[in-house]
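Student: Dumping the structure here so I can ask a few things about it.
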Amino acid sequence: MNRPPLLMHVKIRGENGKFGLWLPLFLLIPLALVVLIILSPLILIAVLVLWPSGWGKLALHSLPASWRVFCSIRGLKVDVHNPRDSVYISVV
Amino acid sequence: MTENKKKILEMLADKKISIDDAYRLLEVVDTDEGQASTPKPESEVKAKPKYLRVNVIPDPDAEGGSGDRVNVRVPMSLIRAGIKLTSLIPAEAMDKVNGALRDKGINFDVRSVKTEDIEELIEALGELEVDVMSGREKVRVFVE
């Protein structure tokens with residue numbers, strides 16, 4: 001599995017001004033982990049309740065799948081610009 | 001010593017071949033092994049694709065020019081993870097996705113995407129290169 005991304009760089013420029021942000025994703029990971037641990041009893045109950053309908057299994061699998069997707073976005077770059085506006089997103 | 005060389009020397013010991021024949025055969029074996037162990041030139045070794053790139057470059061001379069210039073780089077790992085996500089789509093949603101694709105003229109069953117086929121698909125993408133030139137812009141899709 002890939003290493004999780006560390007930073008996300010967002011730059012938006014429009015007619016009204018510009019905005020840039022370096023988002024430290026590596027700081028969000030422990031935060032998300034804490035939230036996940038706090039919510040884990042509720043998640044477990046939800047999975048057990050939904051298990052007979054088949055949605056519980058999907059919910060359970062969606063957690064590691066979401067983590068996999070999160071780890072995979074490292075290297076993503078989106079750069080769209082025209083003379084008036086521009087959007088730049090880069091994940092490193 | 002390789003198996004082939006051993007066999008040649010055994011044949012020589014059994015006097016099945018002459019010294020000259022053995023010498024010639026050993027030379028041939030050495031040449032073959034040398035060629036096999038020589039690494040292929042870098043151009044021949046196909047590197048695994050890492051990114052899918054989409055570039056849209058507007059034509060500055062076109063009517064109403066100065067359109068959006070787009071440069072997108074998507075990691076192959078994200079495509080791989082995305083394909084794996086399809087296995088989490090519930091059956092009811094799959095039908096809706098298939099219906100929506102059919103409406104767009106794409107006759108493709110999303111259920112047919114198997115996680116085992118992903119690597120083959122990604123490898124096949126390595127050959128992908130699409131260049132579209134329209135009156136207003138140039139679109140280029142390729143992998144790197």
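Within each chain, counting starts at residue 1; across the structure tokens, chains are named A, B, ... in the order shown, with ligands numbered 1 upward in that order.
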Residues of chain B within 7 Å of chain A, using only C-alpha atoms, as a VMD selection string?
Tutor: chain B and resid 66 to 75 77 to 78 81 85 88
Student: Export, as a PDB file, in the first residue's frame, the selected residues with C-alpha atoms.
Tutor:
```pdb
ATOM      1  CA  SER B  66      -8.325  31.824 -24.287  1.00  0.00           C
ATOM      2  CA  GLY B  67     -10.389  28.862 -23.065  1.00  0.00           C
ATOM      3  CA  ASP B  68      -9.528  26.785 -20.028  1.00  0.00           C
ATOM      4  CA  ARG B  69      -6.085  25.273 -19.941  1.00  0.00           C
ATOM      5  CA  VAL B  70      -6.310  21.955 -18.081  1.00  0.00           C
ATOM      6  CA  ASN B  71      -3.494  19.854 -16.749  1.00  0.00           C
ATOM      7  CA  VAL B  72      -4.554  16.848 -14.665  1.00  0.00           C
ATOM      8  CA  ARG B  73      -2.289  14.137 -13.326  1.00  0.00           C
ATOM      9  CA  VAL B  74      -4.026  11.140 -11.767  1.00  0.00           C
ATOM     10  CA  PRO B  75      -1.922   8.500 -10.012  1.00  0.00           C
ATOM     11  CA  SER B  77      -2.837   3.831  -7.717  1.00  0.00           C
ATOM     12  CA  LEU B  78      -5.930   6.028  -7.452  1.00  0.00           C
ATOM     13  CA  ALA B  81      -8.288   1.940  -5.777  1.00  0.00           C
ATOM     14  CA  LEU B  85     -14.281   0.440  -5.011  1.00  0.00           C
ATOM     15  CA  LEU B  88     -18.550  -2.072  -2.860  1.00  0.00           C
TER      16      LEU B  88
END
```
Student: Identify, on the basis of only C-alpha atoms, every residue whose closest approach to Lys114 of chain B does not exceed 9 Å; exclude the query and any residue fewer than 2 positions from it along the same chain; express the result as a PyMOL selection string.
Tutor: chain B and resi 83-84+86-87+111-112+116-118
Student: Mind checking DSSP for segment 31-91 of chain A and telling me the alpha helix (DSSP H) residues as a ChimeraX atom specification?
Tutor: /A:31-50,55-72
Student: With only C-alpha atoms as the counted atoms, please give the residues lying no more than 7 Å from segment 7-9 of chain B, apart from itself and same-chain residues fewer than 4 positions off, as an NGL selection string.
Tutor: :B and (3 or 13 or 22)
Student: Using only C-alpha atoms, find the one residue out of B:Glu144, B:Asp21, B:Glu120, B:Glu137 that sits nearest to Leu52 of chain B.
Tutor: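 Nearest candidate to Leu52 of chain B out of B:Glu144, B:Asp21, B:Glu120, B:Glu137: B:Glu144.
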Student: Go through B:Arg102, B:Lys96, B:Arg24, B:Lys48 and flag the residue nearest Met76 of chain B, using only C-alpha atoms for the distances.
Tutor: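 Residue with the minimum atom-to-atom distance to Met76 of chain B: B:Lys48.
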